[in-house]
$ cat run.txt   # compact mmCIF, C-alpha atoms
# COMPACT_ATOMS: atom_id res chain seq x y z
CA MET A 232 102.00 109.51 95.84
CA VAL A 233 100.26 112.32 97.71
CA ASN A 234 101.78 113.99 100.76
CA VAL A 235 99.57 116.20 102.94
CA LEU A 236 101.15 119.58 103.70
CA GLU A 237 98.33 121.04 105.80
CA HIS A 238 94.81 120.16 106.89
CA CYS A 239 92.70 123.07 108.10
CA ARG A 240 89.08 124.13 108.39
CA ILE A 241 87.74 127.31 106.82
CA ALA A 242 84.62 129.08 108.06
CA PRO A 243 82.88 132.30 107.04
CA PRO A 244 84.31 135.36 108.86
CA PRO A 245 83.23 135.31 112.54
CA GLY A 246 79.77 136.79 113.12
CA SER A 247 79.11 137.31 109.40
CA VAL A 248 76.34 134.71 109.03
CA ASP A 249 73.39 133.88 111.27
CA ASP A 250 72.42 130.31 112.10
CA SER A 251 70.16 129.02 109.36
CA SER A 252 68.37 125.93 108.07
CA LEU A 253 67.32 125.08 104.53
CA PRO A 254 64.54 122.52 104.09
CA LEU A 255 64.95 120.07 101.24
CA THR A 256 62.56 120.38 98.31
CA PHE A 257 61.42 117.56 96.03
CA PHE A 258 64.25 118.59 93.70
CA ASP A 259 66.80 117.75 96.45
CA ILE A 260 65.39 114.52 97.89
CA PRO A 261 66.38 112.17 95.00
CA TRP A 262 70.04 113.00 95.62
CA LEU A 263 70.07 112.09 99.33
CA ASN A 264 71.61 108.66 98.77
CA PHE A 265 73.59 109.56 95.67
CA PRO A 266 77.38 109.12 95.99
CA PHE A 267 79.40 112.24 96.70
CA LEU A 268 80.30 114.16 93.58
CA LYS A 269 84.04 114.52 93.14
CA LEU A 270 85.13 117.19 90.70
CA LEU A 271 88.75 117.88 89.78
CA PHE A 272 90.05 121.03 88.10
CA PHE A 273 93.63 120.97 86.79
CA TYR A 274 95.54 124.25 86.35
CA GLU A 275 98.98 124.74 84.84
CA SER A 276 101.36 126.45 87.27
CA SER A 277 105.16 126.56 87.36
CA HIS A 278 105.34 128.22 90.79
CA SER A 279 107.75 126.79 93.33
CA LYS A 280 106.67 124.93 96.44
CA ALA A 281 107.77 127.92 98.54
CA TYR A 282 105.48 130.25 96.55
CA PHE A 283 102.65 127.75 96.85
CA VAL A 284 103.01 127.57 100.63
CA GLU A 285 103.73 131.24 101.31
CA THR A 286 101.44 132.94 98.78
CA ILE A 287 98.89 130.65 97.13
CA ILE A 288 97.76 128.82 100.29
CA PRO A 289 97.08 131.95 102.42
CA ARG A 290 95.25 133.59 99.51
CA LEU A 291 93.05 130.54 98.91
CA LYS A 292 92.18 130.33 102.62
CA HIS A 293 91.20 133.99 102.87
CA SER A 294 89.19 134.04 99.63
CA LEU A 295 87.39 130.81 100.55
CA SER A 296 86.31 132.30 103.87
CA LEU A 297 84.89 135.37 102.09
CA THR A 298 83.11 133.16 99.56
CA LEU A 299 81.57 130.96 102.27
CA LYS A 300 80.02 134.08 103.79
CA LEU A 301 77.91 134.23 100.62
CA PHE A 302 77.49 130.45 100.18
CA PHE A 303 77.21 129.62 103.88
CA PRO A 304 75.15 126.37 103.48
CA LEU A 305 78.28 124.74 102.06
CA SER A 306 79.94 125.24 105.45
CA GLY A 307 77.11 123.39 107.17
CA ASN A 308 75.86 119.84 107.38
CA LEU A 309 73.11 117.71 105.97
CA ILE A 310 71.10 116.68 109.03
CA PHE A 311 69.26 113.34 109.13
CA PRO A 312 66.99 113.57 112.22
CA ALA A 313 66.93 110.55 114.52
CA ASP A 314 63.13 110.40 114.31
CA GLY A 315 63.24 109.71 110.57
CA SER A 316 61.74 113.03 109.51
CA THR A 317 62.86 114.86 106.37
CA PRO A 318 66.53 115.94 106.43
CA GLU A 319 67.62 119.56 106.14
CA ILE A 320 70.79 121.54 105.51
CA ARG A 321 71.79 123.38 108.67
CA TYR A 322 74.44 126.04 109.21
CA MET A 323 75.48 127.03 112.72
CA ASP A 324 78.05 129.63 113.70
CA GLY A 325 81.45 127.97 113.66
CA ASP A 326 80.63 125.38 111.00
CA SER A 327 83.44 125.06 108.48
CA VAL A 328 84.74 123.34 105.37
CA SER A 329 87.60 120.85 105.47
CA LEU A 330 90.47 122.14 103.31
CA VAL A 331 93.53 120.01 102.59
CA PHE A 332 96.74 121.18 100.92
CA ALA A 333 98.97 118.47 99.49
CA GLU A 334 101.73 117.74 97.01
CA CYS A 335 101.83 114.92 94.48
CA SER A 336 104.72 113.35 92.60
CA SER A 337 102.59 112.06 89.71
CA ASP A 338 102.93 113.41 86.17
CA PHE A 339 100.64 116.44 85.89
CA ASP A 340 100.59 116.45 82.08
CA HIS A 341 99.66 112.77 82.04
CA LEU A 342 96.73 113.26 84.43
CA SER A 343 95.44 116.37 82.66
CA GLY A 344 95.50 114.99 79.12
CA ASN A 345 92.79 113.50 76.91
CA HIS A 346 94.58 110.18 76.31
CA GLN A 347 93.65 107.04 78.21
CA ARG A 348 94.58 107.12 81.92
CA HIS A 349 93.88 104.59 84.66
CA ASP A 350 90.94 105.55 86.83
CA THR A 351 92.72 104.74 90.09
CA VAL A 352 95.30 107.54 89.77
CA PHE A 353 92.65 110.23 90.43
CA HIS A 354 91.37 108.78 93.70
CA SER A 355 93.87 110.55 95.96
CA LEU A 356 93.12 114.03 94.58
CA ALA A 357 89.76 114.42 96.35
CA VAL A 358 88.88 114.27 100.03
CA GLN A 359 86.82 111.48 101.58
CA ILE A 360 83.92 112.81 103.69
CA SER A 361 82.74 110.99 106.80
CA SER A 362 79.46 111.39 108.67
CA THR A 363 79.20 111.85 112.43
CA SER A 364 76.43 110.99 114.86
CA THR A 365 75.69 110.46 118.52
CA LYS A 366 73.92 107.42 119.93
CA PHE A 367 70.52 109.10 120.05
CA GLY A 368 71.19 112.20 117.97
CA PRO A 369 70.91 113.02 114.28
CA LEU A 370 73.31 111.93 111.57
CA LEU A 371 75.44 114.86 110.40
CA VAL A 372 76.99 114.75 106.94
CA PRO A 373 79.26 117.60 105.75
CA VAL A 374 78.21 118.84 102.33
CA LEU A 375 81.60 120.02 101.03
CA ALA A 376 85.32 119.29 101.38
CA ILE A 377 88.19 120.60 99.26
CA GLN A 378 91.71 119.44 98.46
CA VAL A 379 94.34 121.54 96.66
CA THR A 380 97.24 119.48 95.35
CA LYS A 381 100.52 120.90 94.05
CA PHE A 382 102.50 119.09 91.32
CA PRO A 383 106.21 120.03 91.21
CA ASN A 384 106.79 122.95 88.80
CA SER A 385 103.89 121.92 86.60
CA GLY A 386 100.40 122.43 87.98
CA ILE A 387 97.75 122.48 90.67
CA CYS A 388 94.61 120.38 91.07
CA ILE A 389 91.64 121.71 93.03
CA GLY A 390 89.41 118.80 94.02
CA PHE A 391 85.88 119.23 95.37
CA THR A 392 83.86 116.59 97.21
CA LEU A 393 80.20 117.64 97.27
CA HIS A 394 76.97 116.11 98.52
CA HIS A 395 74.55 116.45 95.60
CA ALA A 396 71.58 117.11 97.91
CA ALA A 397 73.12 120.52 98.63
CA GLY A 398 72.83 121.77 95.07
CA ASP A 399 73.01 121.08 91.35
CA ALA A 400 75.68 122.06 88.84
CA ASN A 401 74.26 125.55 88.40
CA ALA A 402 74.44 126.24 92.14
CA PHE A 403 77.82 124.62 92.70
CA PHE A 404 79.61 126.24 89.79
CA ARG A 405 78.33 129.64 90.91
CA PHE A 406 80.17 128.96 94.15
CA VAL A 407 83.37 127.84 92.38
CA ARG A 408 83.28 130.78 89.98
CA SER A 409 82.73 133.21 92.87
CA TRP A 410 85.63 131.74 94.86
CA ALA A 411 87.88 131.89 91.81
CA SER A 412 86.94 135.51 91.14
CA ILE A 413 87.48 136.62 94.76
CA ASN A 414 90.81 134.77 94.90
CA LYS A 415 92.01 136.35 91.66
CA MET A 416 90.72 139.89 92.09
CA GLY A 417 90.63 140.31 95.87
CA GLY A 418 87.89 140.83 98.42
CA GLU A 419 86.37 143.81 96.61
CA THR A 420 85.05 141.40 93.98
CA GLU A 421 82.70 140.07 96.63
CA LEU A 422 80.55 143.19 96.22
CA ARG A 423 80.00 142.49 92.51
CA ILE A 424 78.98 138.84 92.81
CA GLU A 425 75.32 137.97 92.31
CA LEU A 426 74.10 136.74 95.66
CA PRO A 427 72.70 133.21 95.93
CA PHE A 428 68.93 133.02 96.32
CA TYR A 429 67.93 130.82 99.25
CA ASP A 430 64.15 131.24 99.57
CA ARG A 431 62.78 127.70 99.14
CA THR A 432 59.16 128.90 98.97
CA VAL A 433 59.64 129.68 95.27
CA VAL A 434 59.57 125.92 94.64
CA ARG A 435 55.86 125.22 94.45
CA ASP A 436 54.45 121.76 95.05
CA PRO A 437 50.69 121.67 94.36
CA ILE A 438 50.60 117.94 93.54
CA GLY A 439 52.50 116.60 96.57
CA LEU A 440 55.81 115.64 94.98
CA HIS A 441 57.70 116.17 98.23
CA SER A 442 55.69 113.46 99.96
CA ALA A 443 55.92 111.10 96.98
CA TYR A 444 59.67 111.50 96.68
CA TRP A 445 60.27 111.19 100.43
CA ASN A 446 58.08 108.07 100.63
CA HIS A 447 60.28 106.51 97.94
CA TYR A 448 63.80 107.78 98.68
CA GLY A 449 63.35 108.15 102.44
CA LYS A 450 63.02 104.38 102.78
CA MET A 451 66.58 103.89 101.57
CA LYS A 452 69.27 103.43 104.18
CA ASN A 453 71.09 106.64 105.02
CA GLU A 454 74.72 105.92 104.23
CA VAL A 455 77.66 107.93 102.97
CA TYR A 456 78.50 106.58 99.54
CA HIS A 457 81.87 107.30 97.98
CA TYR A 458 83.27 106.92 94.52
CA GLN A 459 85.40 103.80 94.36
CA PRO A 460 88.15 103.60 91.73
CA SER A 461 88.49 100.48 89.64
CA THR A 462 91.67 99.00 88.24
CA ASP A 463 89.72 97.88 85.16
CA TYR A 464 88.49 101.36 84.20
CA VAL A 465 90.26 104.04 82.19
CA ARG A 466 89.44 107.65 81.36
CA ALA A 467 89.76 109.48 78.07
CA GLY A 468 88.64 112.77 76.56
CA PHE A 469 87.26 113.19 73.06
CA ILE A 470 86.99 116.57 71.31
CA LEU A 471 84.08 117.22 68.96
CA ARG A 472 84.84 120.15 66.68
CA ARG A 473 82.14 122.46 65.40
CA ALA A 474 82.52 120.92 61.94
CA ASP A 475 82.00 117.44 63.42
CA VAL A 476 78.77 118.51 65.10
CA GLN A 477 77.49 120.20 61.95
CA GLY A 478 78.21 117.04 59.97
CA LEU A 479 76.23 114.94 62.43
CA LYS A 480 73.35 117.41 62.35
CA ARG A 481 73.15 117.13 58.57
CA ARG A 482 72.70 113.37 58.91
CA VAL A 483 69.86 113.73 61.41
CA MET A 484 68.00 116.26 59.24
CA SER A 485 65.59 117.44 61.91
CA GLU A 486 65.06 121.00 63.07
CA GLN A 487 63.98 119.67 66.47
CA VAL A 488 67.37 118.18 67.24
CA SER A 489 69.71 120.44 69.18
CA THR A 490 73.49 120.24 69.44
CA PHE A 491 73.06 118.62 72.85
CA ALA A 492 70.76 115.93 71.42
CA VAL A 493 73.10 115.20 68.50
CA ILE A 494 76.22 114.84 70.67
CA CYS A 495 74.45 112.75 73.29
CA GLY A 496 72.75 110.57 70.68
CA TYR A 497 76.02 109.98 68.86
CA THR A 498 77.95 109.13 72.04
CA TRP A 499 75.17 106.89 73.41
CA SER A 500 74.95 104.85 70.21
CA CYS A 501 78.75 104.51 69.98
CA ILE A 502 78.94 103.23 73.58
CA ILE A 503 76.25 100.61 72.88
CA LYS A 504 78.01 99.53 69.68
CA ALA A 505 81.27 99.29 71.61
CA GLN A 506 79.62 97.00 74.16
CA VAL A 507 78.75 94.62 71.34
CA THR A 508 82.20 94.87 69.76
CA SER A 509 83.92 94.14 73.09
CA GLY A 510 81.91 90.96 73.60
CA GLU A 511 78.95 92.01 75.74
CA HIS A 512 75.75 90.16 74.90
CA PHE A 513 72.18 91.44 74.94
CA GLY A 514 69.12 90.78 72.82
CA GLU A 515 68.29 93.05 69.90
CA ASN A 516 64.90 93.78 71.47
CA GLU A 517 66.35 94.43 74.93
CA LEU A 518 65.62 97.97 76.09
CA GLN A 519 68.38 100.55 76.39
CA HIS A 520 67.93 103.76 78.38
CA PHE A 521 69.51 107.19 78.27
CA GLY A 522 69.20 109.71 81.10
CA PHE A 523 69.85 113.44 81.33
CA THR A 524 68.69 116.37 83.42
CA ALA A 525 67.14 119.70 82.47
CA ASP A 526 67.48 122.89 84.52
CA CYS A 527 63.99 123.90 85.66
CA ARG A 528 64.67 127.43 86.89
CA ALA A 529 63.52 129.24 83.76
CA LEU A 530 61.00 126.54 82.87
CA SER A 531 59.01 126.72 86.11
CA ASP A 532 55.78 128.71 86.32
CA PRO A 533 56.49 131.27 87.62
CA PRO A 534 60.23 131.11 86.83
CA ILE A 535 62.64 130.42 89.68
CA PRO A 536 65.53 132.93 89.98
CA ALA A 537 68.68 131.93 88.09
CA ALA A 538 70.71 132.38 91.29
CA TYR A 539 68.50 129.93 93.25
CA PHE A 540 70.83 127.81 95.40
CA GLY A 541 69.84 124.16 95.59
CA ASN A 542 68.80 121.47 93.15
CA CYS A 543 66.39 122.52 90.44
CA THR A 544 66.64 119.91 87.70
CA MET A 545 64.27 117.40 86.19
CA GLY A 546 65.39 113.96 85.11
CA VAL A 547 64.46 112.78 81.63
CA ILE A 548 64.75 109.17 80.45
CA VAL A 549 64.73 108.03 76.81
CA THR A 550 64.22 104.35 75.93
CA THR A 551 64.63 102.34 72.74
CA LYS A 552 65.51 98.81 71.65
CA SER A 553 69.13 97.74 71.25
CA LYS A 554 68.69 97.00 67.55
CA HIS A 555 67.87 100.64 66.82
CA LEU A 556 71.14 101.85 68.35
CA ILE A 557 73.54 99.28 66.93
CA GLN A 558 72.47 99.74 63.31
CA GLU A 559 74.76 101.80 61.06
CA ASP A 560 72.85 105.05 61.56
CA GLY A 561 71.80 104.26 65.11
CA PHE A 562 72.87 107.67 66.32
CA THR A 563 70.18 109.37 64.20
CA VAL A 564 67.53 107.32 66.02
CA ALA A 565 69.11 108.20 69.38
CA ALA A 566 69.45 111.91 68.56
CA LYS A 567 65.84 112.19 67.38
CA LEU A 568 64.55 110.41 70.49
CA ILE A 569 66.51 112.74 72.76
CA GLY A 570 65.39 115.76 70.73
CA GLU A 571 61.76 114.68 70.95
CA ALA A 572 62.07 114.16 74.71
CA ILE A 573 63.48 117.67 75.15
CA GLN A 574 60.62 119.14 73.13
CA GLU A 575 57.82 117.13 74.73
CA ARG A 576 59.00 116.83 78.32
CA VAL A 577 60.80 120.14 78.72
CA ARG A 578 60.14 122.90 76.21
CA LYS A 579 56.55 122.20 75.22
CA ASN A 580 55.32 120.45 78.32
CA LYS A 581 51.82 121.87 78.68
CA GLU A 582 51.29 120.04 81.95
CA GLY A 583 54.35 121.70 83.43
CA ILE A 584 57.58 120.60 85.02
CA LEU A 585 55.77 119.04 88.00
CA LYS A 586 54.10 116.41 85.82
CA GLY A 587 57.48 115.68 84.27
CA MET A 588 58.98 115.15 87.73
CA GLN A 589 56.12 112.80 88.58
CA LYS A 590 56.70 110.73 85.44
CA TRP A 591 60.44 110.57 86.09
CA LEU A 592 59.83 109.04 89.52
CA GLN A 593 57.52 106.42 87.99
CA ASP A 594 59.92 105.60 85.15
CA SER A 595 63.00 105.33 87.36
CA LYS A 596 61.47 102.62 89.57
CA SER A 597 61.30 100.07 86.72
CA LEU A 598 64.61 100.74 84.96
CA ASN A 599 67.24 98.11 84.31
CA ARG A 600 70.17 100.33 85.30
CA THR A 601 72.73 97.98 83.77
CA ARG A 602 71.27 99.06 80.43
CA MET A 603 71.32 102.77 81.16
CA VAL A 604 73.79 105.44 80.03
CA SER A 605 73.68 108.94 81.51
CA VAL A 606 75.31 112.25 80.68
CA ALA A 607 76.71 114.63 83.30
CA GLY A 608 77.67 118.22 82.61
CA PHE A 609 76.22 121.34 81.11
CA PRO A 610 78.11 122.88 78.17
CA ARG A 611 76.55 126.30 78.76
CA LEU A 612 78.10 126.56 82.24
CA ASN A 613 81.56 126.99 80.72
CA VAL A 614 83.31 124.98 83.42
CA TYR A 615 86.78 125.78 82.10
CA ASN A 616 86.31 129.49 82.73
CA MET A 617 87.08 129.24 86.46
CA ASP A 618 90.19 131.40 86.86
CA PHE A 619 91.75 131.44 90.34
CA GLY A 620 94.55 133.64 89.02
CA LEU A 621 96.15 130.66 87.28
CA GLY A 622 94.38 131.06 83.93
CA ARG A 623 91.72 128.79 82.48
CA ALA A 624 91.60 125.23 83.72
CA LYS A 625 93.52 122.76 81.56
CA LYS A 626 91.33 119.78 82.39
CA ARG A 627 88.22 118.85 84.37
CA GLU A 628 87.38 115.36 85.58
CA GLN A 629 84.30 114.05 87.37
CA LEU A 630 84.54 110.94 89.52
CA ILE A 631 81.49 108.76 89.97
CA ARG A 632 80.64 105.30 91.25
CA GLU A 633 81.72 102.29 89.23
CA SER A 634 78.25 100.90 88.54
CA VAL A 635 77.11 103.95 86.59
CA ASN A 636 77.57 104.08 82.81
CA PHE A 637 78.03 107.75 82.09
CA PHE A 638 79.93 110.31 80.12
CA THR A 639 80.53 114.01 80.65
CA LEU A 640 79.77 116.77 78.16
CA ASN A 641 81.33 120.20 78.50
CA GLY A 642 82.33 123.11 76.36
CA SER A 643 85.90 123.00 75.07
CA LYS A 644 88.66 124.68 77.06
CA ASP A 645 90.08 126.16 73.84
CA ASN A 646 87.08 127.96 72.32
CA ASP A 647 83.31 128.44 72.56
CA GLU A 648 82.42 126.35 69.50
CA ASP A 649 83.88 122.90 70.26
CA PHE A 650 82.83 120.32 72.85
CA GLU A 651 84.61 117.85 75.10
CA VAL A 652 83.21 114.40 75.82
CA GLY A 653 84.72 112.60 78.79
CA LEU A 654 84.49 108.80 78.89
CA ARG A 655 85.10 106.37 81.75
CA LEU A 656 84.85 102.74 80.68
CA PRO A 657 86.53 99.37 81.10
CA LYS A 658 89.66 99.20 78.93
CA ALA A 659 88.22 96.96 76.20
CA LYS A 660 85.06 99.06 75.87
CA MET A 661 87.11 102.28 75.86
CA ASP A 662 89.26 101.05 72.99
CA ALA A 663 86.18 100.06 71.01
CA SER A 664 84.30 103.28 71.84
CA LEU A 665 87.12 105.58 70.74
CA GLU A 666 87.58 103.65 67.51
CA ILE A 667 83.86 103.77 66.71
CA LEU A 668 83.62 107.47 67.66
CA THR A 669 86.59 108.41 65.47
CA ASN A 670 85.68 106.27 62.46
CA GLY A 671 82.08 107.43 62.60
CA LEU A 672 83.03 111.09 62.46
CA LYS A 673 85.30 110.42 59.47
CA ALA A 674 82.49 108.59 57.68
CA HIS A 675 79.91 111.31 58.35
CA SER A 676 82.26 114.12 57.35
CA SER A 677 82.86 112.51 53.96
CA LEU A 678 79.16 112.40 53.08

$ encode --input "run.txt" --output "structure tokens"
Amino acid sequence: MVNVLEHCRIAPPPGSVDDSSLPLTFFDIPWLNFPFLKLLFFYESSHSKAYFVETIIPRLKHSLSLTLKLFFPLSGNLIFPADGSTPEIRYMDGDSVSLVFAECSSDFDHLSGNHQRHDTVFHSLAVQISSTSTKFGPLLVPVLAIQVTKFPNSGICIGFTLHHAAGDANAFFRFVRSWASINKMGGETELRIELPFYDRTVVRDPIGLHSAYWNHYGKMKNEVYHYQPSTDYVRAGFILRRADVQGLKRRVMSEQVSTFAVICGYTWSCIIKAQVTSGEHFGENELQHFGFTADCRALSDPPIPAAYFGNCTMGVIVTTKSKHLIQEDGFTVAAKLIGEAIQERVRKNKEGILKGMQKWLQDSKSLNRTRMVSVAGFPRLNVYNMDFGLGRAKKREQLIRESVNFFTLNGSKDNDEDFEVGLRLPKAKMDASLEILTNGLKAHSSL
């Protein structure tokens, strides 16, 4: 049960930001019709409700306003012109972010654990965003909304609802980390924060990807898609220790295969095996797909600044037959395929990132998405190191639409050597997946 304490709107300080528009690049366009990202950060806090209302709320408001002065596009709207031309992100003086403060009677420790939890209980911890439009005017879609929820004498959840067309994980977590730092240390921290880089001309497009992407994605109906919870789905976290990862790497026996490839390959194969164990049927020669993204900032020629604000990722898809994944050592096949894709499509791509983006568009059109698993998250971004003055986050959850088979991969909240895999699956498949994941690690560690 969630009770709203206050609903306000927070803007950059008056007169601190000029009106501005950001055109969408070909990196942004694929995310136009993607459901809103909903990210939850849980923090332990034993402060009273009075302290929350009188101290924490005013501080969060003030620090958010200062942060939005630096990340002003997040205060604006995604504009879909009535004439059907390419959308843009527009900030105008007075634009603001919806900020809700609430209290919840649910069990904080239950929600922020790694054990199985029903998916529906997280739905009320993030704001729903609605679009607005006039009869003949453009469609306006806010790009960010925030909800801060207090749990009695136990913790706080900060929930973000973000339109992915506004930016990727690198861009968004720079915003969150900046807000956390300003809130913890005070306004003077603002002077030490690396400023976001907004110049879109650094994204070069010599082969016409913008037109190709807009011709494909621009034909889709412009709607606001939201994550919908399902009573059949549960969530669970799984910790992979450094020793576990090293054991898996020894089985793969390939210098090409990174930690990322090993973890993703292992998790992908376990999910497919769990589908079989839980009664799902598919042919042994039926194709299975795995999708992930690679940050293109450093890979572009010339490199794009690390602080570039927007999307700057390339999608990569790996495909193999079901029989290769469900065999005893199926994860070694999966890990090698992912490792090879990283080497060929990302690190040693002589034709450049642009050719990789072109291939991704072609591949994605013919995919059977019911046979696709994707990973979300970037372990190097250290998502647990977002300290608003409450310490490190205890738990992070990402909410996504029901039809997507995905898992999250992040660094551990406890140290820099372990990893956290977050699963969201129907109950029967979750039980099977966790059993296969656990038994597999025991078997590999004994070899």

$ closest_residue --input "run.txt" --among "A:Gly583, A:Pro369, A:Gly561, A:Gly398" --to "Leu253 in chain A" --atoms "all atoms listed in the file"
A:Gly398

$ closest_residue --input "run.txt" --among "A:Leu268, A:Ala357, A:Ala467, A:Leu426" --to "His341 in chain A" --atoms "only C-alpha atoms"
A:Ala467

$ closest_atom_pairs --input "run.txt" --of "range 639-661 of chain A" --to "range 490-510 of chain A" --cutoff "10 Å" --atoms "only C-alpha atoms" --output "CSV"
residue,atom,partner,partner_atom,distance
A:Thr639,CA,A:Cys495,CA,9.6
A:Leu640,CA,A:Cys495,CA,8.3
A:Phe650,CA,A:Ile494,CA,8.9
A:Glu651,CA,A:Ile494,CA,10.0
A:Val652,CA,A:Thr498,CA,8.4
A:Leu654,CA,A:Thr498,CA,9.5
A:Leu656,CA,A:Ile502,CA,9.3
A:Pro657,CA,A:Ser509,CA,9.9
A:Lys658,CA,A:Ser509,CA,9.6
A:Ala659,CA,A:Ser509,CA,6.0
A:Lys660,CA,A:Ala505,CA,5.7
A:Met661,CA,A:Ala505,CA,7.8

$ write_last_selection --input "run.txt" --atoms "C-alpha atoms" --output "CSV table (one decimal), in the frame of the given file"
chain,number,residue,atom,x,y,z
A,639,THR,CA,80.5,114.0,80.6
A,640,LEU,CA,79.8,116.8,78.2
A,650,PHE,CA,82.8,120.3,72.8
A,651,GLU,CA,84.6,117.8,75.1
A,652,VAL,CA,83.2,114.4,75.8
A,654,LEU,CA,84.5,108.8,78.9
A,656,LEU,CA,84.8,102.7,80.7
A,657,PRO,CA,86.5,99.4,81.1
A,658,LYS,CA,89.7,99.2,78.9
A,659,ALA,CA,88.2,97.0,76.2
A,660,LYS,CA,85.1,99.1,75.9
A,661,MET,CA,87.1,102.3,75.9

$ atom_distance --input "run.txt" --atom1 "CA of His675 in chain A" --atom2 "CA of Glu648 in chain A"
18.9 Å

$ closest_residue --input "run.txt" --among "A:Asn542, A:Ser643, A:Ser489, A:Asn516" --to "Glu571 in chain A" --atoms "all atoms listed in the file"
A:Ser489

$ atom_distance --input "run.txt" --atom1 "CA of Asp250 in chain A" --atom2 "CA of Ile320 in chain A"
11.1 Å

$ closest_atom_pairs --input "run.txt" --of "range 240-274 of chain A" --to "range 379-383 of chain A" --cutoff "12 Å" --atoms "only C-alpha atoms" --output "Markdown table"
| residue | atom | partner | partner_atom | distance |
| --- | --- | --- | --- | --- |
| A:Leu270 | CA | A:Val379 | CA | 11.8 |
| A:Leu271 | CA | A:Val379 | CA | 9.6 |
| A:Phe272 | CA | A:Val379 | CA | 9.6 |
| A:Phe273 | CA | A:Thr380 | CA | 9.4 |
| A:Tyr274 | CA | A:Lys381 | CA | 9.8 |

$ residues_around --input "run.txt" --residues "range 432-435 of chain A" --least-positions-apart "4" --cutoff "9 Å" --atoms "only C-alpha atoms" --output "list in words"
Thr256, Phe257, Phe258, Ser531, Asp532, Pro533, Pro534, Ile535, Pro536, Cys543 and Leu585 of chain A

$ residues_around --input "run.txt" --residues "Lys596 in chain A" --least-positions-apart "5" --cutoff "12 Å" --atoms "only C-alpha atoms" --output "list in words"
Tyr444, His447, Tyr448, Ile548, Gln589, Lys590 and Trp591 of chain A
